[in-house]
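Trainee: Got protein39.cif for you, mmCIF, C-alpha atoms and all ligand atoms:
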```cif
data_model
#
loop_
_atom_site.label_atom_id
_atom_site.label_comp_id
_atom_site.auth_asym_id
_atom_site.auth_seq_id
_atom_site.Cartn_x
_atom_site.Cartn_y
_atom_site.Cartn_z
CA MET P 1 81.94 42.85 134.44
CA ARG P 2 81.33 42.22 130.77
CA GLY P 3 77.76 41.17 131.39
CA ALA P 4 77.19 44.31 133.41
CA SER P 5 78.62 46.60 130.75
CA ARG P 6 76.60 44.88 127.99
CA GLU P 7 73.48 45.36 130.06
CA SER P 8 74.41 48.97 130.65
CA ALA P 9 75.05 49.55 126.95
CA GLY P 10 71.74 47.90 126.12
CA SER P 11 69.75 50.07 128.48
CA LEU P 12 71.54 53.13 127.12
CA ALA P 13 70.47 52.18 123.61
CA VAL P 14 66.89 51.89 124.77
CA ASP P 15 67.14 55.22 126.55
CA ARG P 16 68.57 56.83 123.43
CA ARG P 17 65.67 55.58 121.32
CA GLN P 18 63.33 56.98 123.93
CA PHE P 19 65.19 60.27 123.72
CA LEU P 20 64.84 60.43 119.94
CA GLY P 21 61.12 60.07 120.34
CA ALA P 22 61.07 62.67 123.10
CA ALA P 23 63.21 65.04 121.05
CA LEU P 24 60.96 64.71 118.03
CA GLY P 25 57.98 65.41 120.25
CA ALA P 26 59.78 68.39 121.77
CA CYS P 27 60.63 69.74 118.31
CA ALA P 28 56.96 69.86 117.50
CA ILE P 29 56.30 72.29 120.31
CA SER P 30 59.75 73.80 120.77
CA PRO P 31 61.92 74.15 117.65
CA SER P 32 64.88 75.32 119.77
CA LEU P 33 65.29 71.84 121.25
CA GLY P 34 66.88 70.16 118.27
CA PHE P 35 69.33 67.30 118.07
CA LEU P 36 72.30 69.56 118.68
CA SER P 37 71.12 69.98 122.24
CA ILE P 38 72.20 66.39 122.87
CA GLN P 39 75.79 67.64 123.13
CA LEU P 40 75.93 68.59 126.79
CA ALA P 41 73.69 65.73 127.84
CA ALA P 42 70.63 67.85 127.36
CA SER P 43 68.78 64.64 126.69
CA MET P 44 66.92 61.81 128.34
CA SER P 45 69.65 59.31 127.48
CA GLY P 46 72.09 59.89 130.32
CA SER P 47 75.28 61.82 131.00
CA LEU P 48 77.95 62.88 128.54
CA THR P 49 79.84 59.92 127.10
CA LYS P 50 83.60 59.93 126.59
CA GLU P 51 83.04 60.01 122.84
CA GLN P 52 80.71 63.01 123.03
CA ARG P 53 83.04 64.93 125.35
CA ASP P 54 86.24 64.10 123.46
CA SER P 55 84.70 65.10 120.14
CA MET P 56 84.10 68.66 121.38
CA THR P 57 86.60 71.51 121.10
CA PRO P 58 86.93 74.02 123.97
CA SER P 59 85.04 76.63 121.95
CA GLN P 60 82.24 74.13 121.26
CA VAL P 61 81.97 73.54 125.01
CA ILE P 62 81.58 77.31 125.48
CA ASP P 63 78.89 77.33 122.78
CA GLU P 64 77.02 74.51 124.53
CA LEU P 65 77.16 76.37 127.85
CA LYS P 66 75.82 79.49 126.12
CA LYS P 67 72.98 77.45 124.61
CA GLY P 68 72.23 75.92 127.99
CA ASN P 69 72.10 79.38 129.57
CA GLU P 70 69.70 80.51 126.84
CA ARG P 71 67.44 77.53 127.58
CA PHE P 72 67.55 78.38 131.30
CA ARG P 73 66.68 82.04 130.67
CA ALA P 74 63.83 81.10 128.38
CA GLY P 75 62.49 78.59 130.89
CA LYS P 76 62.83 75.91 128.21
CA MET P 77 65.18 73.55 129.97
CA ALA P 78 65.98 70.31 128.16
CA PRO P 79 63.97 67.27 129.19
CA ARG P 80 66.16 65.45 131.68
CA ASP P 81 66.12 62.15 133.57
CA TYR P 82 68.38 62.47 136.63
CA LEU P 83 68.09 58.77 137.41
CA ALA P 84 69.23 57.85 133.89
CA GLU P 85 72.11 60.30 134.27
CA LYS P 86 72.99 58.80 137.65
CA ARG P 87 72.96 55.27 136.17
CA SER P 88 74.97 56.14 133.08
CA SER P 89 77.62 58.11 134.99
CA ALA P 90 78.10 55.79 137.97
CA ALA P 91 80.88 53.79 136.33
CA GLY P 92 82.71 56.79 134.88
CA GLN P 93 82.42 60.54 134.36
CA TYR P 94 83.42 62.63 131.34
CA PRO P 95 82.56 66.25 132.21
CA ALA P 96 83.24 68.83 129.52
CA ALA P 97 84.21 71.72 131.78
CA VAL P 98 85.33 72.69 135.24
CA ILE P 99 83.64 75.76 136.69
CA LEU P 100 85.27 77.86 139.41
CA GLY P 101 82.25 79.62 140.85
CA CYS P 102 81.11 81.42 143.99
CA VAL P 103 79.31 79.66 146.86
CA ASP P 104 76.39 82.07 146.37
CA SER P 105 73.16 80.05 146.50
CA ARG P 106 71.83 81.90 143.47
CA VAL P 107 74.59 80.76 141.11
CA PRO P 108 74.36 76.97 140.75
CA ALA P 109 76.35 76.23 137.59
CA GLU P 110 74.44 73.11 136.59
CA ILE P 111 71.13 74.95 136.68
CA ILE P 112 72.09 78.23 135.00
CA PHE P 113 73.81 76.28 132.19
CA ASP P 114 71.02 73.68 132.05
CA CYS P 115 73.43 70.80 132.49
CA GLY P 116 72.99 67.49 134.24
CA ILE P 117 74.76 64.95 136.42
CA GLY P 118 78.21 64.17 135.03
CA ASP P 119 78.41 67.19 132.71
CA LEU P 120 80.43 69.66 134.81
CA PHE P 121 83.05 69.70 137.53
CA SER P 122 81.96 72.39 139.95
CA GLY P 123 84.41 74.08 142.32
CA ARG P 124 82.86 76.71 144.54
CA VAL P 125 84.40 79.14 146.99
CA ALA P 126 83.21 82.59 148.09
CA GLY P 127 84.38 85.13 145.53
CA ASN P 128 85.50 82.40 143.06
CA VAL P 129 89.13 82.90 144.00
CA VAL P 130 92.02 80.67 143.04
CA ASN P 131 93.92 78.78 145.72
CA ASP P 132 96.18 75.72 145.68
CA ASP P 133 93.35 73.27 146.30
CA MET P 134 91.19 74.78 143.57
CA LEU P 135 94.14 74.67 141.18
CA GLY P 136 94.67 71.02 142.05
CA SER P 137 90.99 70.33 141.43
CA MET P 138 91.11 72.10 138.06
CA GLU P 139 94.27 70.20 137.12
CA PHE P 140 92.53 66.94 138.00
CA ALA P 141 89.51 67.95 135.93
CA CYS P 142 91.53 68.76 132.81
CA ALA P 143 94.81 66.81 132.93
CA VAL P 144 93.43 63.61 134.46
CA SER P 145 89.77 63.53 133.54
CA GLY P 146 89.93 65.35 130.20
CA ALA P 147 87.68 68.39 130.65
CA LYS P 148 88.09 70.93 127.83
CA LEU P 149 87.31 74.18 129.57
CA VAL P 150 88.22 76.05 132.76
CA LEU P 151 85.57 78.69 133.41
CA VAL P 152 85.92 81.24 136.21
CA LEU P 153 82.35 82.32 136.93
CA GLY P 154 81.84 85.55 138.83
CA HIS P 155 78.47 87.17 139.43
CA THR P 156 76.77 90.48 140.09
CA ALA P 157 76.02 91.71 143.62
CA CYS P 158 78.59 89.30 145.07
CA GLY P 159 78.68 89.48 148.87
CA ALA P 160 82.31 88.38 149.00
CA ILE P 161 83.32 91.26 146.72
CA LYS P 162 81.36 93.68 148.92
CA GLY P 163 83.08 92.23 151.99
CA ALA P 164 86.51 92.75 150.41
CA ILE P 165 85.62 96.36 149.53
CA ASP P 166 84.43 96.96 153.10
CA ASP P 167 87.51 95.37 154.71
CA VAL P 168 85.32 92.94 156.62
CA GLU P 169 87.21 90.94 159.21
CA LEU P 170 85.71 87.72 160.55
CA GLY P 171 87.49 84.51 161.44
CA ASN P 172 88.76 82.66 158.40
CA LEU P 173 86.79 84.94 156.09
CA THR P 174 89.47 87.62 156.56
CA GLY P 175 92.05 85.47 154.77
CA LEU P 176 89.62 84.56 152.00
CA LEU P 177 88.72 88.20 151.35
CA ALA P 178 92.44 89.01 151.17
CA ARG P 179 92.55 86.92 147.97
CA ILE P 180 89.91 89.20 146.42
CA LYS P 181 91.46 92.51 147.49
CA PRO P 182 94.08 92.75 144.69
CA ALA P 183 91.11 93.27 142.33
CA ILE P 184 90.13 96.52 144.07
CA PRO P 185 93.08 98.80 143.11
CA LYS P 186 93.15 97.21 139.64
CA THR P 187 89.57 98.23 138.90
CA GLU P 188 89.25 101.44 136.91
CA PHE P 189 85.98 103.07 137.82
CA GLU P 190 84.46 106.51 137.60
CA GLY P 191 81.97 107.18 140.36
CA GLU P 192 81.36 106.18 143.95
CA LYS P 193 83.74 103.42 144.92
CA SER P 194 81.78 101.77 147.69
CA SER P 195 79.97 98.51 148.34
CA LYS P 196 76.73 100.52 148.20
CA ASN P 197 77.26 101.15 144.49
CA PRO P 198 76.19 98.04 142.54
CA ALA P 199 78.04 99.15 139.38
CA TYR P 200 81.29 99.44 141.32
CA VAL P 201 80.80 96.06 143.05
CA ASP P 202 80.24 94.42 139.66
CA ALA P 203 83.28 96.16 138.13
CA VAL P 204 85.48 94.79 140.93
CA ALA P 205 83.89 91.35 140.41
CA ARG P 206 84.83 91.46 136.72
CA THR P 207 88.42 92.39 137.59
CA ASN P 208 88.42 89.56 140.13
CA VAL P 209 87.47 87.09 137.38
CA LYS P 210 90.27 88.38 135.14
CA LEU P 211 92.80 88.05 137.98
CA ALA P 212 91.61 84.51 138.72
CA ILE P 213 92.22 83.59 135.06
CA GLU P 214 95.70 85.17 135.17
CA ASN P 215 96.49 83.46 138.48
CA THR P 216 95.38 80.12 137.09
CA ARG P 217 97.77 80.41 134.14
CA ARG P 218 100.62 81.74 136.28
CA ARG P 219 100.28 79.29 139.14
CA SER P 220 99.45 76.17 137.14
CA PRO P 221 102.01 75.26 134.47
CA VAL P 222 99.94 72.10 133.95
CA LEU P 223 96.89 74.06 132.85
CA GLU P 224 98.92 76.69 131.02
CA ASP P 225 100.61 73.97 128.94
CA LEU P 226 97.29 72.31 128.12
CA GLU P 227 95.95 75.66 126.96
CA LYS P 228 99.01 76.38 124.82
CA LYS P 229 98.55 72.99 123.15
CA GLY P 230 94.93 73.85 122.43
CA SER P 231 93.63 70.98 124.55
CA ILE P 232 91.77 73.32 126.88
CA GLN P 233 90.70 76.92 127.12
CA ILE P 234 90.82 79.01 130.29
CA THR P 235 88.24 81.77 130.30
CA GLY P 236 85.79 83.64 132.47
CA ALA P 237 82.25 84.92 132.65
CA MET P 238 79.94 87.05 134.77
CA TYR P 239 76.48 85.85 135.74
CA ASN P 240 73.80 88.49 136.18
CA LEU P 241 71.58 87.57 139.14
CA ALA P 242 68.74 89.75 137.89
CA ASN P 243 68.32 88.63 134.29
CA GLY P 244 70.09 85.26 134.28
CA VAL P 245 72.53 86.21 131.52
CA VAL P 246 76.03 84.69 131.56
CA ASP P 247 78.34 87.17 129.87
CA PHE P 248 81.54 85.45 128.68
CA VAL P 249 84.73 87.49 128.61
CA SER P 250 85.72 85.75 125.37
ZN ZN B 1 79.49 85.65 145.31
#
```
Can the structure in the file be given as C-alpha cells, please?
Mentor:
Amino acid sequence: MRGASRESAGSLAVDRRQFLGAALGACAISPSLGFLSIQLAASMSGSLTKEQRDSMTPSQVIDELKKGNERFRAGKMAPRDYLAEKRSSAAGQYPAAVILGCVDSRVPAEIIFDCGIGDLFSGRVAGNVVNDDMLGSMEFACAVSGAKLVLVLGHTACGAIKGAIDDVELGNLTGLLARIKPAIPKTEFEGEKSSKNPAYVDAVARTNVKLAIENTRRRSPVLEDLEKKGSIQITGAMYNLANGVVDFVS
C-alpha cells in the first residue's frame, strides 16, 4: 500500500510540474487562465485533493463555480486530462460541492461549471426536486465526504416545470410533478400564466429552486446544522439554456 501511494504521489508531482508548464504556456495566450484556476481542479494535475477542498470556504466554492461557468461561456475551458483525474481520484474523492440539478440533457453540471472528475457530486432528477433519497445523497456529500456547498440548480425552459403547469399525468411522472406543483401558486407573475409563456415557466422554475432550498433546510436537520455552523452553504441558481449564464440566487 505504501509503495503504491508513494508511486501515486510521485506521479502527481510530475503531473503538477507538467501543469505549471502548461499553465505558463496558457497564460501567454490566455491571461484568464492563471494559477487561481487550479482551485477546482481546472488543471492537468488531477482531481481536487483533500487539502485543496478543505482549504476552501463555501463562498470560495461558489466563486470557483462562477469562474468555471465564465470559462465555459467564453469557450476557454481549462486544459484537462481526464485520465489523470481518473487516476488521482480512484483511491479517494474530495468534491467541493453537491449539485441538485435537473435530468435535462442540456444542463450537465460538470460541463457548464468547467469542472472535472472528482470535483462535484451530481444529483439529478427532473425538475431538481428534493426527496428523501436526494436529501440522503446530499447529507452523504456534506456530512460524510466533506463537500462545502449544496447547490440547487434549476434552468430555463424546463420541461418538468411545463409539465407541472399543464397538469400532465403519466405513470410515475405524475407523482414527480406533484413535488413541483407547490411552486405554481407561490409564483407571483403578471401576464399569461401558461406553459406557452417562457417568462412564466422560468418564474415558476425560480420559485421551485427557492422551495427546494427551503425544503432541504426543513427536512434535513443534518444539513441545516452544518449550514448554521458555517461548514456548508445551501444555495440555488438558475441556468439559462440560451446564453449559458448561471445566475446564483446569492
Ligand atoms: Zn428541467
Trainee: I'd like the neighbourhood of Gly68 in chain P as a PDB file with C-alpha atoms, in the coordinates of the input, where a residue qualifies if any of its atoms comes within 8 Å (using only C-alpha atoms), though same-chain residues fewer than 5 positions away should be ignored.
Mentor:
```
ATOM      1  CA  MET P  77      65.180  73.550 129.970  1.00  0.00           C
ATOM      2  CA  ILE P 112      72.090  78.230 135.000  1.00  0.00           C
ATOM      3  CA  PHE P 113      73.810  76.280 132.190  1.00  0.00           C
ATOM      4  CA  ASP P 114      71.020  73.680 132.050  1.00  0.00           C
ATOM      5  CA  CYS P 115      73.430  70.800 132.490  1.00  0.00           C
TER       6      CYS P 115
END
```
Trainee: Measuring between only C-alpha atoms, which one of P:Leu135, P:Val245, P:Ala183, P:Ile117 shows the shortest distance to Arg219 in chain P?
Mentor: P:Leu135
Trainee: Which one is closest to Val152 in chain P: P:Met134, P:Ala178, P:Ala91, P:Ile99? Count only C-alpha atoms.
Mentor: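 Closest to Val152 in chain P of all the choices is P:Ile99.
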Trainee: Mind pulling up the distance from CA of Asn243 in chain P to CA of Gly191 in chain P?
Mentor: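 For CA of Gly191 in chain P relative to CA of Asn243 in chain P, the distance reads 23.8 Å.
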Trainee: As number ranges by chain, please: every protein or nucleic acid residue near ligand ZN 1 (chain B) (cut-off 10 Å, counting all atoms listed in the file).
Mentor: P: 101-107, 124-128, 153-162, 205
Trainee: Mind running range 119-189 of chain P against range 225-229 of chain P at 12 Å and telling me each contacting residue's nearest atom pair with the distance in Å (one decimal), counting all atoms listed in the file, chain and number ascending, as a tab-separated table?
Mentor:
```
residue	atom	partner	partner_atom	distance
P:Met138	CA	P:Leu226	CA	11.7
P:Glu139	CA	P:Leu226	CA	9.7
P:Ala141	CA	P:Leu226	CA	11.9
P:Cys142	CA	P:Leu226	CA	8.2
P:Ala143	CA	P:Leu226	CA	7.7
P:Val144	CA	P:Leu226	CA	11.4
P:Gly146	CA	P:Leu226	CA	10.3
P:Ala147	CA	P:Leu226	CA	10.7
P:Lys148	CA	P:Glu227	CA	9.2
P:Leu149	CA	P:Glu227	CA	9.1
P:Val150	CA	P:Glu227	CA	9.7
```
Trainee: Which one of P:Asn197, P:Thr216, P:Val129, P:Lys76 sits closest to Gly175 in chain P if you count only C-alpha atoms?
Mentor: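 Result for the nearest residue to Gly175 in chain P: P:Val129.
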Trainee: Please provide the set of residues having any atom within 8 Å of range 180-182 of chain P, restricted to only C-alpha atoms, with same-chain residues fewer than 3 positions apart removed, written as JSON, numbers by chain.
Mentor: {"P": [127, 129, 161, 164, 165, 176, 177, 185, 186, 208]}
Trainee: Give me the residues near Thr235 in chain P as a ChimeraX atom specification, where near means some atom within 12 Å (using all atoms listed in the file) and where sequence neighbours in that chain fewer than 6 positions away do not count.
Mentor: /P:58-59,61-62,97-100,148-154,209-217,223-224,227,247-250
Trainee: Using only C-alpha atoms, can you tell me which of P:Leu65, P:Leu170, P:Leu83, P:Val222 comes closest to Glu110 in chain P?
Mentor: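 Checking each candidate against Glu110 in chain P, we get P:Leu65 as the closest.
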Trainee: Report, in Å with one decimal, the straight-line distance from CA of Asn240 in chain P to CA of Gly171 in chain P.
Mentor: 29.0 Å
Trainee: Just the residues within 8 Å of Lys50 in chain P, please, counting all atoms listed in the file, with nothing from its chain fewer than 3 positions along; format it as a PDB file with C-alpha atoms, keeping the file's coordinate frame.
Mentor:
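part.pdb written:
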```pdb
ATOM      1  CA  ARG P  53      83.040  64.930 125.350  1.00  0.00           C
ATOM      2  CA  ASP P  54      86.240  64.100 123.460  1.00  0.00           C
ATOM      3  CA  GLN P  93      82.420  60.540 134.360  1.00  0.00           C
ATOM      4  CA  TYR P  94      83.420  62.630 131.340  1.00  0.00           C
TER       5      TYR P  94
END
```
Trainee: Calculated over all atoms listed in the file, which of the candidates P:Gly136, P:Ala96, P:Arg206, P:Pro198 has the smallest distance to Asp63 in chain P?
Mentor: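 Smallest distance to Asp63 in chain P is found for P:Ala96.
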Trainee: Taking into account all atoms listed in the file, which residue in the set P:Gly92, P:Gly46, P:Pro79, P:Gly123 is nearest to Pro108 in chain P?
Mentor: P:Gly123
Trainee: For CA of Ser194 in chain P and CA of Asp166 in chain P, determine how far apart the two atoms are, in Å to one decimal place.
Mentor: 7.7 Å
Trainee: Please determine the residues with any atom at most 7 Å from (76.2, 62.4, 131.6) (coordinates as given in the file, with all atoms listed in the file counting) and report them as a PyMOL selection string.
Mentor: chain P and resi 41+46-49+85+88-89+116-119
